[in-house]
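Worksheet for the structure shown next.
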Amino acid sequence: MQVSVKIKNLCMGSCFTLLLSGCASMSVEQCKTANWYQIGEKEGASGSGSLLDRHYKACQKAQVIPNQTQYEQGFKKGLSYYCTPRTVFDYALQGRGNYEYCPLQQRASLRPYYQTANQYYQARKTFSENEGKWSLARQKLLERGLKEKDRTYYQKMVMEGYDRLPQLRRDLDFAEQQLLDFKYRNNLY
């Protein structure tokens with residue numbers, strides 16, 4: 001529990017900004033005032049891999065060279081927060097992180113936590129996306145003045161939904177049962 005709180009605290013503020021800013025990982029001002037240890041620590045705790053190469057590119061504009069040693073030390077420390085079974089599991093349930101960034105000697109033990117949670121996340125995401133498309137197509141068919149070409153298109157989408165959604169529901173139910181069984185076996189409640 002303390003590790004989760006620590007990770008949440010680490011990932012607030014500038015880490016959130018870094019994740020939202022896309023390719024330009026840092027502004028010129030951020031490059032000039034960066035604490036490379038803290039940045040590495042936050043990124044390690046996210047379980048998403050090193051962004052140091054992005055920082056090098058972003059900080060070229062400010063003529064700042066990131067301190068690789070400090071960043072890597074912080075990143076290693078951040079990974080120690082992330083690379084626990086519970087954290088890997090919780091992040092994978094949200095479609096975040098990747099156990100493959102953890103130290104090699106830990107990967108085999110973390111793999112089942114990641115795979116089980118990620119399988120559920122992917123099944124839920126696929127079902128929701130397809131259900132949303134199917135629902136939108138049904139709504140579009142109710143619109144007045146719909147062109148015949150569009151009506152045919154949406155009818156096809158609805159028929160595909162009737163065909164596909166039951167299997168996607170079974171996949172989601174299976175993934176959920178696997179998740180519940182795994183949580184029970186590994187005391188993840």
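Identifiers for the structure tokens are assigned positionally: chains receive A, B, ... in sequence, residues are indexed from 1 per chain, and ligands are indexed from 1 in the order shown.
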Quick one: residues within 12 Å of Phe182 (chain A), only C-alpha atoms, excluding same-chain residues fewer than 2 positions away - as a PDB file with N, CA and C atoms, in the first residue's frame?
```pdb
ATOM      1  N   PRO A  85       4.851  -7.220  -7.968  1.00  0.00           N
ATOM      2  CA  PRO A  85       3.689  -7.895  -8.570  1.00  0.00           C
ATOM      3  C   PRO A  85       2.417  -7.055  -8.535  1.00  0.00           C
ATOM      4  N   ARG A  86       2.119  -6.453  -7.399  1.00  0.00           N
ATOM      5  CA  ARG A  86       0.871  -5.695  -7.267  1.00  0.00           C
ATOM      6  C   ARG A  86       0.836  -4.484  -8.200  1.00  0.00           C
ATOM      7  N   PHE A  89       0.544  -5.509 -11.861  1.00  0.00           N
ATOM      8  CA  PHE A  89      -0.830  -5.964 -12.054  1.00  0.00           C
ATOM      9  C   PHE A  89      -1.794  -4.785 -12.163  1.00  0.00           C
ATOM     10  N   PRO A 112       3.242 -13.252 -15.274  1.00  0.00           N
ATOM     11  CA  PRO A 112       1.832 -13.650 -15.115  1.00  0.00           C
ATOM     12  C   PRO A 112       0.934 -12.522 -14.590  1.00  0.00           C
ATOM     13  N   TYR A 113       1.473 -11.675 -13.746  1.00  0.00           N
ATOM     14  CA  TYR A 113       0.691 -10.549 -13.223  1.00  0.00           C
ATOM     15  C   TYR A 113       0.333  -9.582 -14.350  1.00  0.00           C
ATOM     16  N   TYR A 114       1.319  -9.306 -15.170  1.00  0.00           N
ATOM     17  CA  TYR A 114       1.094  -8.396 -16.305  1.00  0.00           C
ATOM     18  C   TYR A 114       0.148  -9.034 -17.324  1.00  0.00           C
ATOM     19  N   GLN A 115       0.433 -10.262 -17.716  1.00  0.00           N
ATOM     20  CA  GLN A 115      -0.343 -10.889 -18.793  1.00  0.00           C
ATOM     21  C   GLN A 115      -1.807 -11.086 -18.425  1.00  0.00           C
ATOM     22  N   THR A 116      -2.071 -11.520 -17.221  1.00  0.00           N
ATOM     23  CA  THR A 116      -3.459 -11.736 -16.804  1.00  0.00           C
ATOM     24  C   THR A 116      -4.235 -10.417 -16.786  1.00  0.00           C
ATOM     25  N   ALA A 117      -3.653  -9.395 -16.189  1.00  0.00           N
ATOM     26  CA  ALA A 117      -4.331  -8.098 -16.102  1.00  0.00           C
ATOM     27  C   ALA A 117      -4.456  -7.459 -17.479  1.00  0.00           C
ATOM     28  N   GLN A 119      -4.538  -8.996 -20.389  1.00  0.00           N
ATOM     29  CA  GLN A 119      -5.519  -9.747 -21.184  1.00  0.00           C
ATOM     30  C   GLN A 119      -6.930  -9.250 -20.882  1.00  0.00           C
ATOM     31  N   TYR A 120      -7.218  -9.021 -19.612  1.00  0.00           N
ATOM     32  CA  TYR A 120      -8.526  -8.491 -19.238  1.00  0.00           C
ATOM     33  C   TYR A 120      -8.715  -7.079 -19.787  1.00  0.00           C
ATOM     34  N   ALA A 175     -11.846 -13.652 -19.853  1.00  0.00           N
ATOM     35  CA  ALA A 175     -10.735 -12.871 -19.311  1.00  0.00           C
ATOM     36  C   ALA A 175     -11.047 -12.410 -17.883  1.00  0.00           C
ATOM     37  N   GLU A 176     -12.310 -12.058 -17.644  1.00  0.00           N
ATOM     38  CA  GLU A 176     -12.693 -11.636 -16.298  1.00  0.00           C
ATOM     39  C   GLU A 176     -12.602 -12.796 -15.318  1.00  0.00           C
ATOM     40  N   GLN A 177     -13.021 -13.987 -15.747  1.00  0.00           N
ATOM     41  CA  GLN A 177     -12.929 -15.156 -14.867  1.00  0.00           C
ATOM     42  C   GLN A 177     -11.466 -15.507 -14.578  1.00  0.00           C
ATOM     43  N   GLN A 178     -10.623 -15.410 -15.609  1.00  0.00           N
ATOM     44  CA  GLN A 178      -9.186 -15.648 -15.416  1.00  0.00           C
ATOM     45  C   GLN A 178      -8.620 -14.628 -14.420  1.00  0.00           C
ATOM     46  N   LEU A 179      -9.051 -13.391 -14.549  1.00  0.00           N
ATOM     47  CA  LEU A 179      -8.594 -12.322 -13.665  1.00  0.00           C
ATOM     48  C   LEU A 179      -9.013 -12.609 -12.223  1.00  0.00           C
ATOM     49  N   LEU A 180     -10.268 -12.954 -12.029  1.00  0.00           N
ATOM     50  CA  LEU A 180     -10.758 -13.233 -10.678  1.00  0.00           C
ATOM     51  C   LEU A 180     -10.044 -14.426 -10.062  1.00  0.00           C
ATOM     52  N   TYR A 184      -7.572 -14.269  -6.773  1.00  0.00           N
ATOM     53  CA  TYR A 184      -7.824 -15.134  -5.625  1.00  0.00           C
ATOM     54  C   TYR A 184      -6.572 -15.947  -5.270  1.00  0.00           C
ATOM     55  N   ARG A 185      -5.962 -16.557  -6.281  1.00  0.00           N
ATOM     56  CA  ARG A 185      -4.770 -17.399  -6.058  1.00  0.00           C
ATOM     57  C   ARG A 185      -3.582 -16.588  -5.530  1.00  0.00           C
ATOM     58  N   ASN A 186      -3.539 -15.311  -5.879  1.00  0.00           N
ATOM     59  CA  ASN A 186      -2.369 -14.495  -5.541  1.00  0.00           C
ATOM     60  C   ASN A 186      -2.668 -13.415  -4.492  1.00  0.00           C
ATOM     61  N   ASN A 187      -3.800 -13.559  -3.796  1.00  0.00           N
ATOM     62  CA  ASN A 187      -4.171 -12.632  -2.725  1.00  0.00           C
ATOM     63  C   ASN A 187      -4.093 -11.154  -3.170  1.00  0.00           C
ATOM     64  N   LEU A 188      -4.750 -10.856  -4.259  1.00  0.00           N
ATOM     65  CA  LEU A 188      -4.724  -9.508  -4.814  1.00  0.00           C
ATOM     66  C   LEU A 188      -6.013  -8.736  -4.513  1.00  0.00           C
ATOM     67  N   TYR A 189      -6.688  -9.086  -3.445  1.00  0.00           N
ATOM     68  CA  TYR A 189      -7.921  -8.375  -3.085  1.00  0.00           C
ATOM     69  C   TYR A 189      -7.646  -7.320  -2.076  1.00  0.00           C
TER      70      TYR A 189
END
```
Would you list the contacts of region 31-46 of chain A as a ChimeraX atom specification, taking every protein, DNA or RNA residue within 6 Å and counting only C-alpha atoms, but skipping same-chain residues closer than 3 positions in sequence?
/A:10-11,28,59,70-71,74-75,77-79,81-82
Under the rule that only C-alpha atoms are counted, which of A:Gln68, A:Gln139, A:Phe174, A:Asn118 is the nearest residue to Tyr56 (chain A)?
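Ranking A:Gln68, A:Gln139, A:Phe174, A:Asn118 by distance to Tyr56 (chain A), first place goes to A:Gln68.
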Here is a test: counting only C-alpha atoms, which residue of A:Asp90, A:Glu148, A:Glu131, A:Asp181 is nearest to Glu160 (chain A)?
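Selected residue with least distance to Glu160 (chain A): A:Glu131.
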Could you tell me how far CA of Val158 (chain A) lies from CA of Arg170 (chain A), in Å and to one decimal?
18.6 Å
